[in-house]
Amino acid sequence: MEKVKIGKIVNTHGIKGELKVKSMTDFPEERFAKGSIVTLHYQNQDINMEVLKHRYHKGHILVTFKGYEDINLVEKYKGCSLYSDKDVSLLDEGEYYVDDLIGCKVYNYDNYIGDVIEVQLYDHHDILVVQGKEKIMIPYVEAFVKEEDIDNKRINVELIGGFIHEN
């Protein structure tokens with residue numbers, strides 16, 4: 001089954017194996033529920049971990065994995081990404097995963113400007129990073145993003161002057 005990135009371990013917390021995770025999911029309660037299996041990517045290996053418990057602390061999620069309740073066992077995982085199975089049943093109709101935007105062709109008034117190579121997630125709004133003749137960053141807001149056709153990998157935008165250099 002395809003995986004989606006759900007978080008990144010930014011640090012440890014305390015001495016009982018809690019990991020401080022920057023969440024990258026709209027479904028933290030489901031993804032980090034007790035008994036959930038999370039895939040940790042460490043040194044080019046995927047390690048399946050079972051969530052023992054989670055809690056929220058200062059804008060992050062503190063996660064403890066079963067069998068790893070000691071700081072000495074988890075310290076090496078700082079900086080690692082966490083993944084979970086791509087579960088479309090969590091989505092409402094018309095919703096999609098952020099990763100589905102990667103590879104979409106972006107058109108400004110029907111002029112091709114590039115492909116989405118990354119989506120940067122922020123609290124206020126996300127940013128589409130588009131690579132074409134140049135790399136541009138487009139706020140993922142209604143004012144600029146007019147239409148998404150994820151099935152056909154196309155995004156239509158309407159950009160104001162200054163976003164792209166026009167010759």
# chains A, B, ... in the order shown; residues from 1 in each chain; ligands from 1
>>> residues_around(residues="region 10-14 of chain A", least_positions_apart="4", cutoff="10 Å", atoms="only C-alpha atoms", output="VMD selection string")
chain A and resid 18 to 22 57 60 62 to 64 70 to 72 74 to 81
>>> residues_around(residues="Val106 (chain A)", least_positions_apart="5", cutoff="7 Å", atoms="only C-alpha atoms", output="ChimeraX atom specification")
/A:112-115,154-156
>>> atom_distance(atom1="CA of Phe144 (chain A)", atom2="CA of Ser89 (chain A)")
28.8 Å
>>> select_by_dssp(residues="chain A", states="helix (DSSP H, G or I)", output="list in words")
Pro28, Glu29, Glu30, Arg31, Ile71, Asn72, Leu73, Val74, Glu75, Lys76, Tyr77, Val88, Ser89, Leu90, Val98, Asp99, Asp100 and Leu101 of chain A
>>> residues_around(residues="region 125-133 of chain A", least_positions_apart="6", cutoff="12 Å", atoms="only C-alpha atoms", output="ChimeraX atom specification")
/A:24,98-99,101-108,111-119,139-145,155,157,163-167
>>> write_last_selection(atoms="C-alpha atoms", output="tab-separated table (two decimals), in the first residue's frame")
chain	number	residue	atom	x	y	z
A	24	MET	CA	2.07	16.80	8.74
A	98	VAL	CA	-0.95	16.83	-0.14
A	99	ASP	CA	1.39	14.32	-1.81
A	101	LEU	CA	-0.16	17.59	-5.68
A	102	ILE	CA	3.45	16.56	-6.39
A	103	GLY	CA	3.95	16.22	-10.14
A	104	CYS	CA	0.89	18.28	-11.07
A	105	LYS	CA	1.40	20.55	-14.09
A	106	VAL	CA	0.72	24.20	-13.22
A	107	TYR	CA	-0.80	26.60	-15.74
A	108	ASN	CA	-1.13	30.36	-15.39
A	111	ASN	CA	0.33	28.98	-20.06
A	112	TYR	CA	2.39	26.10	-18.65
A	113	ILE	CA	4.77	27.36	-15.96
A	114	GLY	CA	6.08	24.15	-14.36
A	115	ASP	CA	5.47	21.12	-12.16
A	116	VAL	CA	4.80	21.02	-8.43
A	117	ILE	CA	7.97	19.58	-6.86
A	118	GLU	CA	7.16	20.25	-3.20
A	119	VAL	CA	4.40	21.47	-0.91
A	139	PRO	CA	0.71	30.53	-1.86
A	140	TYR	CA	-1.86	27.72	-1.88
A	141	VAL	CA	-4.83	30.05	-1.44
A	142	GLU	CA	-8.02	30.67	-3.40
A	143	ALA	CA	-6.77	34.06	-4.62
A	144	PHE	CA	-4.12	32.29	-6.78
A	145	VAL	CA	-5.15	28.63	-7.10
A	155	ILE	CA	-3.57	22.96	-11.42
A	157	VAL	CA	-3.58	29.43	-11.21
A	163	PHE	CA	5.63	35.85	-9.61
A	164	ILE	CA	7.33	34.86	-12.82
A	165	HIS	CA	9.75	36.65	-15.11
A	166	GLU	CA	8.12	37.13	-18.45
A	167	ASN	CA	10.37	37.79	-21.44
>>> select_by_dssp(residues="region 85-145 of chain A", states="strand (DSSP E)", output="list in words")
Asp85, Lys105, Val106, Tyr107, Asn108, Asn111, Tyr112, Ile113, Gly114, Asp115, Val116, Ile117, Glu118, Val119, Gln120, Ile127, Leu128, Val129, Val130, Gln131, Lys135, Ile136, Met137, Ile138, Pro139 and Val145 of chain A
>>> closest_atom_pairs(of="region 66-112 of chain A", to="region 26-30 of chain A", cutoff="10 Å", atoms="only C-alpha atoms", output="CSV")
residue,atom,partner,partner_atom,distance
A:Leu90,CA,A:Phe27,CA,7.8
A:Leu91,CA,A:Phe27,CA,9.5
A:Tyr97,CA,A:Asp26,CA,9.4
>>> atom_distance(atom1="CA of His54 (chain A)", atom2="CA of Glu93 (chain A)")
28.5 Å
>>> atom_distance(atom1="CA of Glu95 (chain A)", atom2="CA of Glu148 (chain A)")
10.6 Å
>>> closest_residue(among="A:Glu147, A:Asp92, A:Asp123, A:Glu69", to="Leu52 (chain A)", atoms="only C-alpha atoms")
A:Glu69
